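Asks: Data: run03.tsv, TSV, C-alpha atoms and all ligand atoms.
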chain	number	residue	atom	x	y	z
A	29	MET	CA	180.20	84.67	112.51
A	30	GLN	CA	180.59	88.04	110.96
A	31	MET	CA	177.71	90.49	110.95
A	32	LYS	CA	176.30	90.91	107.47
A	33	ARG	CA	175.90	94.51	106.36
A	34	ILE	CA	173.02	95.05	103.99
A	35	GLY	CA	172.04	98.30	102.32
A	36	ILE	CA	168.35	98.78	101.62
A	37	PHE	CA	167.55	101.18	98.82
A	38	GLY	CA	163.85	101.85	98.31
A	39	GLY	CA	162.30	104.13	95.74
A	40	SER	CA	159.92	104.16	92.84
A	41	PHE	CA	162.80	103.87	90.33
A	42	ASP	CA	160.56	105.23	87.61
A	43	PRO	CA	163.01	104.86	85.92
A	44	ILE	CA	166.24	103.99	87.78
A	45	HIS	CA	169.11	106.24	86.63
A	46	TYR	CA	172.82	106.94	87.18
A	47	GLY	CA	172.06	109.13	90.22
A	48	HIS	CA	170.59	106.11	92.04
A	49	LEU	CA	173.30	103.75	90.85
A	50	HIS	CA	176.10	106.07	91.83
A	51	LEU	CA	174.67	106.65	95.33
A	52	ALA	CA	174.22	102.90	95.83
A	53	GLU	CA	177.78	102.17	94.77
A	54	GLU	CA	179.24	104.91	96.96
A	55	ALA	CA	177.18	103.65	99.88
A	56	ARG	CA	178.32	100.08	99.24
A	57	CYS	CA	182.01	101.04	99.22
A	58	ARG	CA	182.07	103.66	101.99
A	59	ALA	CA	179.94	101.70	104.44
A	60	LYS	CA	181.55	98.38	103.42
A	61	LEU	CA	178.21	96.81	102.65
A	62	ASP	CA	178.07	93.18	101.61
A	63	GLN	CA	175.10	93.90	99.42
A	64	VAL	CA	172.77	96.69	98.36
A	65	LEU	CA	169.20	95.53	97.92
A	66	PHE	CA	167.06	97.69	95.62
A	67	ILE	CA	163.38	97.55	96.50
A	68	PRO	CA	161.14	99.20	93.90
A	69	ALA	CA	158.07	100.56	95.66
A	70	TRP	CA	154.55	100.02	94.51
A	71	VAL	CA	153.34	103.35	93.10
A	72	SER	CA	149.73	104.31	92.89
A	73	PRO	CA	148.89	104.47	89.19
A	74	PHE	CA	146.81	107.57	89.90
A	75	LYS	CA	149.72	109.64	91.12
A	76	GLN	CA	151.65	109.78	87.88
A	77	ASP	CA	152.36	112.82	85.77
A	78	THR	CA	152.98	110.85	82.60
A	79	GLN	CA	152.07	107.43	81.26
A	80	PRO	CA	153.47	105.35	84.14
A	81	ALA	CA	155.69	102.34	83.80
A	82	ASP	CA	154.04	99.44	85.54
A	83	GLY	CA	155.73	97.64	88.40
A	84	SER	CA	157.07	94.78	86.32
A	85	GLN	CA	158.66	97.24	83.90
A	86	ARG	CA	160.32	99.26	86.68
A	87	LEU	CA	161.55	96.00	88.20
A	88	GLU	CA	162.91	94.86	84.86
A	89	MET	CA	164.76	98.14	84.38
A	90	VAL	CA	166.36	97.86	87.85
A	91	ARG	CA	167.39	94.29	87.01
A	92	MET	CA	169.02	95.41	83.79
A	93	ALA	CA	170.72	98.40	85.40
A	94	ILE	CA	172.32	96.41	88.24
A	95	ALA	CA	173.09	93.20	86.35
A	96	SER	CA	176.81	93.89	86.06
A	97	ASN	CA	177.32	94.59	89.78
A	98	PRO	CA	177.58	91.46	91.97
A	99	GLY	CA	177.17	93.67	95.06
A	100	PHE	CA	173.68	94.74	93.96
A	101	ALA	CA	170.41	92.80	94.10
A	102	VAL	CA	166.74	93.60	93.64
A	103	SER	CA	163.61	92.48	95.47
A	104	ASP	CA	160.00	92.57	94.28
A	105	MET	CA	158.59	92.32	97.82
A	106	GLU	CA	156.98	95.77	97.69
A	107	LEU	CA	155.58	95.37	94.20
A	108	LYS	CA	153.98	92.07	95.12
A	109	ARG	CA	152.08	93.67	97.98
A	110	ARG	CA	150.49	96.22	95.64
A	111	GLU	CA	150.08	98.87	98.29
A	112	VAL	CA	152.10	101.86	99.38
A	113	SER	CA	154.21	100.64	102.32
A	114	TYR	CA	155.94	102.42	105.15
A	115	THR	CA	159.72	102.21	105.44
A	116	ALA	CA	159.31	100.80	108.96
A	117	ASP	CA	157.29	97.86	107.64
A	118	THR	CA	159.66	97.23	104.75
A	119	LEU	CA	162.71	97.23	107.00
A	120	ARG	CA	161.04	94.95	109.51
A	121	ARG	CA	160.34	92.45	106.72
A	122	CYS	CA	163.91	92.75	105.42
A	123	LYS	CA	165.31	92.22	108.88
A	124	ALA	CA	163.19	89.11	109.36
A	125	MET	CA	164.54	87.70	106.11
A	126	ALA	CA	168.16	88.69	106.70
A	127	GLY	CA	168.25	87.23	110.21
A	128	SER	CA	169.68	88.51	113.49
A	129	GLU	CA	173.27	88.29	112.28
A	130	SER	CA	172.77	91.27	110.01
A	131	ARG	CA	172.71	95.03	110.18
A	132	LEU	CA	170.50	97.02	107.85
A	133	TYR	CA	171.54	100.37	106.36
A	134	PHE	CA	168.76	102.40	104.87
A	135	ILE	CA	169.96	104.44	101.92
A	136	THR	CA	168.13	107.67	101.21
A	137	GLY	CA	168.59	111.24	99.99
A	138	THR	CA	168.99	114.50	101.90
A	139	ASP	CA	165.50	115.81	101.20
A	140	ALA	CA	163.85	112.69	102.52
A	141	PHE	CA	166.04	112.50	105.62
A	142	LEU	CA	165.32	116.10	106.60
A	143	THR	CA	161.77	115.01	107.37
A	144	ILE	CA	162.78	111.80	109.20
A	145	GLU	CA	161.09	112.86	112.43
A	146	GLN	CA	157.73	112.90	110.69
A	147	TRP	CA	158.13	109.41	109.26
A	148	TYR	CA	155.87	106.64	110.49
A	149	LYS	CA	157.54	105.00	113.54
A	150	SER	CA	160.58	107.22	113.16
A	151	GLU	CA	161.92	106.37	116.59
A	152	GLU	CA	161.85	102.65	115.85
A	153	LEU	CA	163.65	103.34	112.58
A	154	LEU	CA	166.35	105.49	114.11
A	155	ARG	CA	166.99	103.14	117.02
A	156	ASN	CA	167.16	99.92	115.00
A	157	TYR	CA	168.72	100.75	111.69
A	158	SER	CA	171.63	102.72	110.30
A	159	PHE	CA	171.12	105.45	107.74
A	160	LEU	CA	173.27	106.36	104.77
A	161	ILE	CA	172.37	109.78	103.44
A	162	GLY	CA	173.33	110.86	99.96
A	163	THR	CA	174.49	114.47	100.23
A	164	ARG	CA	175.58	117.05	97.73
A	165	PRO	CA	178.20	119.66	98.57
A	166	GLY	CA	176.54	122.89	99.62
A	167	TYR	CA	173.03	121.44	99.72
A	168	CYS	CA	171.16	121.96	103.03
A	169	GLU	CA	174.34	121.10	104.95
A	170	GLU	CA	173.53	123.00	108.12
A	171	GLU	CA	169.97	121.79	108.31
A	172	LEU	CA	171.14	118.22	107.82
A	173	SER	CA	173.82	118.50	110.53
A	174	ARG	CA	171.24	119.87	112.94
A	175	ILE	CA	168.86	116.95	112.35
A	176	ILE	CA	171.62	114.36	112.50
A	177	GLY	CA	172.89	115.85	115.77
A	178	LYS	CA	169.42	115.81	117.24
A	179	VAL	CA	168.46	112.23	116.34
A	180	SER	CA	171.88	110.89	117.33
A	181	GLN	CA	171.52	112.41	120.75
A	182	ARG	CA	167.92	111.42	121.31
A	183	PHE	CA	167.87	107.93	119.84
A	184	GLY	CA	171.52	107.00	119.50
A	185	ALA	CA	170.94	106.97	115.75
A	186	ASP	CA	173.75	105.90	113.44
A	187	VAL	CA	173.74	108.24	110.45
A	188	GLN	CA	176.51	108.56	107.89
A	189	ARG	CA	176.77	111.01	105.06
A	190	ILE	CA	177.63	109.63	101.65
A	191	GLU	CA	178.89	112.58	99.70
A	192	ILE	CA	178.16	112.34	96.02
A	193	PRO	CA	179.15	114.92	93.44
A	194	GLN	CA	176.62	117.10	91.72
A	195	LEU	CA	174.88	114.38	89.83
A	196	ASP	CA	171.64	116.20	89.45
A	197	ILE	CA	169.52	113.57	87.75
A	198	SER	CA	165.92	112.87	88.64
A	199	SER	CA	163.42	110.34	87.36
A	200	SER	CA	160.77	113.01	86.90
A	201	ARG	CA	163.15	115.05	84.73
A	202	ILE	CA	163.87	111.94	82.65
A	203	ARG	CA	160.16	111.29	82.15
A	204	GLU	CA	159.65	114.91	81.17
A	205	LYS	CA	162.46	114.81	78.64
A	206	ILE	CA	161.14	111.61	77.08
A	207	GLY	CA	157.66	113.15	76.95
A	208	MET	CA	159.11	116.07	75.00
A	209	GLY	CA	161.05	113.79	72.69
A	210	GLU	CA	164.45	114.87	74.05
A	211	SER	CA	167.51	112.66	74.46
A	212	VAL	CA	168.16	111.06	77.86
A	213	ARG	CA	171.47	109.44	76.94
A	214	TYR	CA	174.14	109.42	79.68
A	215	LEU	CA	171.48	109.94	82.34
A	216	LEU	CA	170.83	106.21	82.57
A	217	PRO	CA	172.24	103.07	80.94
A	218	ASP	CA	171.77	102.70	77.18
A	219	GLY	CA	170.02	99.36	77.55
A	220	LEU	CA	167.26	101.03	79.56
A	221	ILE	CA	166.80	103.70	76.92
A	222	TYR	CA	166.24	100.99	74.35
A	223	TYR	CA	163.84	99.22	76.72
A	224	MET	CA	161.82	102.40	77.34
A	225	GLU	CA	161.60	103.13	73.63
A	226	HIS	CA	160.63	99.60	72.81
A	227	ASN	CA	157.87	99.62	75.42
A	228	GLY	CA	156.64	103.13	74.71
A	229	LEU	CA	157.32	104.30	78.27
A	230	TYR	CA	156.87	107.91	79.42
A	231	ARG	CA	155.78	109.19	76.05
A	232	GLY	CA	153.58	111.90	77.47
A	233	ALA	CA	150.45	112.02	79.54
A	234	PRO	CA	147.66	109.68	78.56
A	235	GLU	CA	145.10	111.64	76.63
A	236	GLU	CA	141.97	112.61	78.48
A	237	PRO	CA	138.89	111.02	76.95
A	238	SER	CA	136.71	113.52	75.14
A	239	GLU	CA	133.30	114.50	76.44
A	240	THR	CA	131.75	112.39	73.68
A	241	ASP	CA	133.83	109.31	74.52
A	242	ARG	CA	132.95	109.64	78.18
A	243	HIS	CA	129.28	109.77	77.27
A	244	ILE	CA	129.61	106.65	75.12
A	245	GLU	CA	131.52	104.79	77.80
A	246	GLU	CA	128.72	105.43	80.26
A	247	LEU	CA	126.17	104.36	77.67
A	248	ILE	CA	127.84	101.05	76.89
A	249	ALA	CA	128.66	100.31	80.53
A	250	GLY	CA	124.92	100.40	81.14
A	251	ARG	CA	123.82	98.63	77.97
A	252	LEU	CA	126.34	95.91	77.17
A	253	LYS	CA	126.92	92.59	78.85
A	254	PRO	CA	130.47	92.01	80.15
A	255	LYS	CA	131.49	89.86	77.20
A	256	ARG	CA	130.32	92.40	74.64
A	257	LEU	CA	131.91	95.20	76.65
A	258	SER	CA	135.25	93.45	76.67
A	259	HIS	CA	134.94	92.85	72.90
A	260	THR	CA	134.27	96.58	72.50
A	261	TYR	CA	137.43	97.57	74.40
A	262	GLY	CA	139.32	94.97	72.39
A	263	VAL	CA	138.18	96.76	69.23
A	264	VAL	CA	139.30	100.11	70.72
A	265	GLU	CA	142.73	98.64	71.41
A	266	GLU	CA	143.08	96.96	68.03
A	267	ALA	CA	141.84	100.05	66.16
A	268	GLY	CA	144.50	102.10	67.96
A	269	ARG	CA	147.19	99.75	66.68
A	270	LEU	CA	145.86	99.79	63.14
A	271	CYS	CA	145.68	103.60	63.18
A	272	ALA	CA	149.31	103.83	64.23
A	273	ARG	CA	150.27	101.34	61.53
A	274	PHE	CA	148.29	102.74	58.63
A	275	GLY	CA	148.02	106.42	59.55
A	276	ALA	CA	144.32	106.74	60.34
A	277	ASP	CA	142.90	109.25	62.83
A	278	ASP	CA	143.04	107.46	66.17
A	279	ARG	CA	140.64	109.78	68.00
A	280	LYS	CA	137.92	109.21	65.44
A	281	ALA	CA	138.65	105.50	65.44
A	282	LYS	CA	138.39	105.31	69.23
A	283	THR	CA	134.97	106.96	69.26
A	284	CYS	CA	133.72	104.66	66.48
A	285	ALA	CA	135.10	101.56	68.18
A	286	LEU	CA	133.50	102.48	71.50
A	287	ILE	CA	130.04	102.87	70.05
A	288	HIS	CA	130.04	100.33	67.24
A	289	ASP	CA	128.18	97.58	69.12
A	290	ALA	CA	126.26	99.76	71.59
A	291	PHE	CA	122.95	98.65	70.06
A	292	ARG	CA	123.95	95.08	69.30
A	293	GLU	CA	120.76	93.68	70.81
A	294	ARG	CA	118.79	95.13	67.90
A	295	GLY	CA	120.19	92.46	65.63
A	296	ASN	CA	123.02	91.76	63.27
A	297	LEU	CA	121.53	93.68	60.37
A	298	VAL	CA	120.61	96.99	61.94
A	299	HIS	CA	122.86	97.54	64.96
A	300	GLY	CA	125.48	99.44	62.95
A	301	ALA	CA	122.87	101.76	61.49
A	302	ALA	CA	121.29	102.22	64.92
A	303	ALA	CA	124.61	103.24	66.45
A	304	ALA	CA	125.31	105.64	63.57
A	305	ALA	CA	121.88	107.19	64.04
A	306	TYR	CA	122.56	107.66	67.75
A	307	MET	CA	125.90	109.30	66.96
A	308	LYS	CA	124.26	111.75	64.61
A	309	GLU	CA	121.06	112.52	66.47
A	310	THR	CA	122.04	112.31	70.12
A	311	LEU	CA	125.75	113.05	70.06
A	312	GLY	CA	125.60	115.57	67.22
A	313	ILE	CA	128.44	113.91	65.29
A	314	ASP	CA	128.16	114.85	61.61
A	315	ASP	CA	131.51	113.50	60.45
A	316	LEU	CA	130.33	111.32	57.55
A	317	ASP	CA	133.43	109.14	57.62
A	318	MET	CA	132.84	108.25	61.28
A	319	LEU	CA	129.15	107.63	60.72
A	320	ASN	CA	129.92	105.31	57.80
A	321	ALA	CA	132.63	103.44	59.70
A	322	VAL	CA	130.06	102.57	62.39
A	323	ARG	CA	127.13	102.04	60.02
A	324	PHE	CA	129.01	99.58	57.80
A	325	HIS	CA	131.22	97.90	60.39
A	326	THR	CA	129.47	94.52	60.00
A	327	THR	CA	129.14	94.40	56.25
A	328	GLY	CA	131.77	96.66	54.76
A	329	ARG	CA	130.83	98.23	51.44
A	330	PRO	CA	132.43	99.15	48.12
A	331	GLY	CA	134.68	102.21	48.31
A	332	MET	CA	135.54	101.94	52.00
A	333	SER	CA	137.66	104.71	53.49
A	334	LEU	CA	140.77	104.12	55.59
A	335	LEU	CA	138.79	104.65	58.82
A	336	GLU	CA	136.05	102.25	57.70
A	337	LYS	CA	138.62	99.55	56.99
A	338	VAL	CA	140.28	100.09	60.36
A	339	ILE	CA	137.01	99.65	62.25
A	340	TYR	CA	135.90	96.73	60.08
A	341	LEU	CA	139.17	94.89	60.57
A	342	ALA	CA	139.60	95.76	64.26
A	343	ASP	CA	136.16	94.25	64.86
A	344	ALA	CA	137.29	91.05	63.17
A	345	ILE	CA	140.68	90.57	64.80
A	346	GLU	CA	140.54	92.24	68.24
A	347	PRO	CA	142.48	90.23	70.85
A	348	GLY	CA	139.36	88.53	72.24
A	349	ARG	CA	138.47	86.92	68.88
A	350	SER	CA	139.27	83.27	68.43
A	351	TYR	CA	138.17	81.44	65.32
A	352	SER	CA	140.07	79.40	62.82
A	353	GLY	CA	141.87	81.74	60.47
A	354	VAL	CA	142.12	84.70	62.85
A	355	GLU	CA	145.86	84.26	63.31
A	356	GLU	CA	146.51	84.52	59.57
A	357	LEU	CA	144.31	87.60	59.47
A	358	ARG	CA	146.28	89.21	62.27
A	359	GLU	CA	149.49	88.47	60.47
A	360	LEU	CA	148.21	89.99	57.25
A	361	ALA	CA	147.02	93.03	59.21
A	362	GLU	CA	150.63	93.64	60.21
A	363	SER	CA	151.41	94.89	56.75
A	364	ASP	CA	148.45	95.09	54.38
A	365	LEU	CA	145.16	96.62	55.41
A	366	ASP	CA	143.36	96.00	52.11
A	367	ARG	CA	144.35	92.35	51.83
A	368	ALA	CA	143.46	91.77	55.48
A	369	CYS	CA	140.02	93.36	54.99
A	370	LEU	CA	139.46	91.31	51.86
A	371	GLN	CA	140.39	88.12	53.61
A	372	ALA	CA	138.10	88.94	56.54
A	373	MET	CA	135.23	89.47	54.09
A	374	ARG	CA	135.95	86.22	52.28
A	375	HIS	CA	136.05	84.48	55.62
A	376	THR	CA	132.61	85.85	56.50
A	377	ILE	CA	131.17	84.90	53.12
A	378	ALA	CA	132.51	81.35	53.37
A	379	TYR	CA	131.38	80.99	56.97
A	380	LEU	CA	127.81	82.00	56.14
A	381	LYS	CA	127.78	79.79	53.08
A	382	GLY	CA	128.79	76.88	55.28
A	383	LYS	CA	125.72	77.56	57.36
A	384	GLY	CA	123.55	77.64	54.24
A	385	GLU	CA	123.13	81.40	54.44
A	386	SER	CA	124.30	84.08	52.11
A	387	ALA	CA	126.32	87.13	53.05
A	388	ASP	CA	124.98	90.64	52.84
A	389	PRO	CA	125.20	91.87	49.23
A	390	LEU	CA	127.31	94.78	50.47
A	391	THR	CA	129.96	92.35	51.72
A	392	GLU	CA	130.05	90.63	48.32
A	393	GLN	CA	130.37	93.98	46.59
A	394	ALA	CA	133.01	95.21	49.06
A	395	ALA	CA	135.09	92.07	48.49
A	396	ALA	CA	134.83	92.40	44.73
A	397	ASP	CA	135.80	96.05	44.94
A	398	LEU	CA	138.83	95.40	47.16
A	399	SER	CA	139.91	92.49	45.05
A	400	LYS	CA	139.80	94.66	41.91
A	401	HIS	CA	141.66	97.40	43.71
A	402	ILE	CA	144.40	95.10	44.96
A	403	GLY	CA	144.78	93.49	41.57
A	404	GLY	CA	145.19	96.92	39.98
A	405	THR	CA	147.34	99.71	41.31
A	406	ALA	CA	146.52	99.32	44.98
A	407	ALA	CA	148.87	100.89	47.42
A	408	VAL	CA	148.84	99.54	50.94
A	409	GLY	CA	146.62	101.56	53.21
A	410	GLU	CA	145.80	104.10	50.52
A	411	ARG	CA	143.14	106.54	51.59
A	412	ARG	CA	140.11	106.64	49.35
A	413	SER	CA	137.78	109.22	50.63
A	414	HIS	CA	134.22	109.03	49.52
A	415	GLU	CA	133.06	112.14	51.33
A	501	FE	FE	128.97	94.70	65.47
A	502	FE	FE	131.77	94.27	67.20
What's the structure tokens form of this structure?

Replies:
Amino acid sequence: MQMKRIGIFGGSFDPIHYGHLHLAEEARCRAKLDQVLFIPAWVSPFKQDTQPADGSQRLEMVRMAIASNPGFAVSDMELKRREVSYTADTLRRCKAMAGSESRLYFITGTDAFLTIEQWYKSEELLRNYSFLIGTRPGYCEEELSRIIGKVSQRFGADVQRIEIPQLDISSSRIREKIGMGESVRYLLPDGLIYYMEHNGLYRGAPEEPSETDRHIEELIAGRLKPKRLSHTYGVVEEAGRLCARFGADDRKAKTCALIHDAFRERGNLVHGAAAAAYMKETLGIDDLDMLNAVRFHTTGRPGMSLLEKVIYLADAIEPGRSYSGVEELRELAESDLDRACLQAMRHTIAYLKGKGESADPLTEQAAADLSKHIGGTAAVGERRSHE
């Protein structure tokens, strides 16, 4: 039986690009590999310079990028483990799966190989596996020859150079370009560019929470029960979406969403006012629009601003909400903020009526106001400031 030759190509592939694909293909052809197995590594989410792609997204992009090459395959073995693994451990697992009738070729770049002697269990690696090193003409050639000579002599290592032309593409450069809104076409397959756009990948570093938001997050972590806390973060998430859709200020909305139910235990009627008072007196927020959005988040009121509507509606349809009618509300919220708010108010009024209670007069007035507005010359998402 013929020995199977398998190339192992590890990396974060964040994202995979033509530099990787070209090296893998050259390695496959030159070393006559039966297969090249791409193994996306688990990457600590804390080590990223920009909004990271999660493991399943990096895996999906590798899948898409290699789909047309029957000599390429991908494994999620590293991602499943959810911890940074050593090459020695990965190769041992691959070898166990591939069986004794196989030879593994570890594919890596020049920079990485130059430090091979410092790798974990480097001797085991060099004695048991072959190495295919992607090299560029004129790049660290002498240094590389010296290391190859040394490890071949000491450990009988099998190291081949795979010369690739100056294809100077890096994942970090791609992330940077996307973060700056620049084109990355011809650096990686078009399908991946569409995928990254569609999933909002690498669009710049996640924004640091403000001092105020940090304060509120500590406050609610201490005050709210888990269920209420998860509702609160659902409102933050939903408000972010509504802001993007209808053009409201997402930083203001985030702060309002975080604090809106911080004093929920004080009762349905006053908790909005209590939170608004805390914002003003303790946090020193004097933005009237923000204070109103929090104060009236349960009832609404006539003449609501864009921000008030966003918070009101986000509270009603955040992903954790489940009541009959919420799906229709979410659908309406896709396109028409005013109609969605109106419907949410009508829902509340009807719900309370069913229980033999009456809604807050402000909700009745807000619904009447919105209904008049929509019937007249209402434009979707129109800003009506009352400041
Ligand atoms: Fe509330
Ligand atoms: Fe709420």

Asks: Could you work out how far CA of Arg110 (chain A) lies from CA of Arg242 (chain A), giving the answer in Å with one decimal?

Replies: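 Atom-to-atom, CA of Arg242 (chain A) to CA of Arg110 (chain A), that is 28.2 Å.
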
Asks: Within 10 Å of ligand FE 502 (chain A), which residues show up when you count all atoms listed in the file? List them as a PyMOL selection string, please.

Replies: chain A and resi 256-257+259-263+285-290+292+296+299-300+322+325-326+339-346

Asks: Leaving out Arg33 (chain A) and any residue of its chain fewer than 2 positions from it, which residues lie within 6 Å of it when counting all atoms listed in the file, given as a PyMOL selection string?

Replies: chain A and resi 61-62+130-131

Asks: Calculated over all atoms listed in the file, which of the candidates A:Arg273, A:Arg358, A:Arg174, A:Arg251 has the smallest distance to Phe141 (chain A)?

Replies: A:Arg174

Asks: Distance CA of Tyr157 (chain A)-CA of Phe134 (chain A), one decimal place?

Replies: 7.0 Å

Asks: Which neighbours of Met373 (chain A) fall inside 12 Å, counting all atoms listed in the file, when residues of the same chain fewer than 5 positions from it are skipped, and could you give them as a PyMOL selection string?

Replies: chain A and resi 325-330+337+340-341+343-344+357+366-368+378-380+387-399

Asks: Pick out the closest residue to ligand FE 501 (chain A) from this set: A:Arg203, A:Ala301, A:Ser211, A:Gly353. Count only C-alpha atoms and all ligand atoms.

Replies: A:Ala301

Asks: From the options A:Glu293, A:Asp117, A:Asp196, A:Glu225, which residue's atoms come nearest to ligand FE 501 (chain A), counting all atoms listed in the file?

Replies: A:Glu293

Asks: Expressed in Å to a single decimal, how great is the separation between CA of Leu142 (chain A) and CA of Ala185 (chain A)?

Replies: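 If I compute the distance from CA of Leu142 (chain A) to CA of Ala185 (chain A), I get 14.1 Å.
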
Asks: Kindly indicate which residue among A:Gly250, A:Gly275, A:Gly295, A:Gly162 lies nearest to ligand FE 501 (chain A), using only C-alpha atoms and all ligand atoms for the distances.

Replies: A:Gly295

Asks: When you count all atoms listed in the file, which of these residues is closest to Glu191 (chain A): A:His375, A:Lys308, A:Lys381, A:Arg164?

Replies: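 Closest to Glu191 (chain A) of all the choices is A:Arg164.
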
Asks: (155.9, 105.5, 98.0) in this file's frame - what residues fall within 10 Å of it? Use all atoms listed in the file and give the answer as number ranges by chain.

Replies: A: 38-40, 68-72, 106, 111-115

Asks: Just the selected residues (C-alpha atoms), exported as a short mmCIF file (atom, residue, chain, number, x, y, z; two decimals), keeping the file's coordinate frame, please.

Replies:
data_model
loop_
_atom_site.label_atom_id
_atom_site.label_comp_id
_atom_site.auth_asym_id
_atom_site.auth_seq_id
_atom_site.Cartn_x
_atom_site.Cartn_y
_atom_site.Cartn_z
CA GLY A 38 163.85 101.85 98.31
CA GLY A 39 162.30 104.13 95.74
CA SER A 40 159.92 104.16 92.84
CA PRO A 68 161.14 99.20 93.90
CA ALA A 69 158.07 100.56 95.66
CA TRP A 70 154.55 100.02 94.51
CA VAL A 71 153.34 103.35 93.10
CA SER A 72 149.73 104.31 92.89
CA GLU A 106 156.98 95.77 97.69
CA GLU A 111 150.08 98.87 98.29
CA VAL A 112 152.10 101.86 99.38
CA SER A 113 154.21 100.64 102.32
CA TYR A 114 155.94 102.42 105.15
CA THR A 115 159.72 102.21 105.44
#

Asks: With all atoms listed in the file counted, which protein, DNA or RNA residues have an atom no more than 9 Å from (158.4, 97.4, 89.2) in the file frame? Please answer as a list in words.

Replies: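 In the file's frame, the residues around the point are Ser40, Phe41, Asp42, Ile67, Pro68, Ala69, Trp70, Val71, Ala81, Asp82, Gly83, Ser84, Gln85, Arg86, Leu87, Glu88, Met89, Val90, Asp104, Glu106 and Leu107 of chain A.
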
Asks: Pick from A:Ala302, A:Phe100, A:Gly127, A:Met224: nearest to ligand FE 501 (chain A), with only C-alpha atoms and all ligand atoms counted?

Replies: A:Ala302

Asks: Skip Ile197 (chain A) itself and residues of its chain fewer than 5 positions away, then list as an mmCIF file with C-alpha atoms, in the coordinates of the input all residues within 8 Å of it, counting all atoms listed in the file.

Replies:
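The new file selection17.cif reads:
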data_model
loop_
_atom_site.group_PDB
_atom_site.id
_atom_site.type_symbol
_atom_site.label_atom_id
_atom_site.label_comp_id
_atom_site.auth_asym_id
_atom_site.auth_seq_id
_atom_site.Cartn_x
_atom_site.Cartn_y
_atom_site.Cartn_z
ATOM 1 C CA HIS A 45 169.110 106.240 86.630
ATOM 2 C CA TYR A 46 172.820 106.940 87.180
ATOM 3 C CA GLY A 47 172.060 109.130 90.220
ATOM 4 C CA ILE A 202 163.870 111.940 82.650
ATOM 5 C CA LEU A 215 171.480 109.940 82.340
#
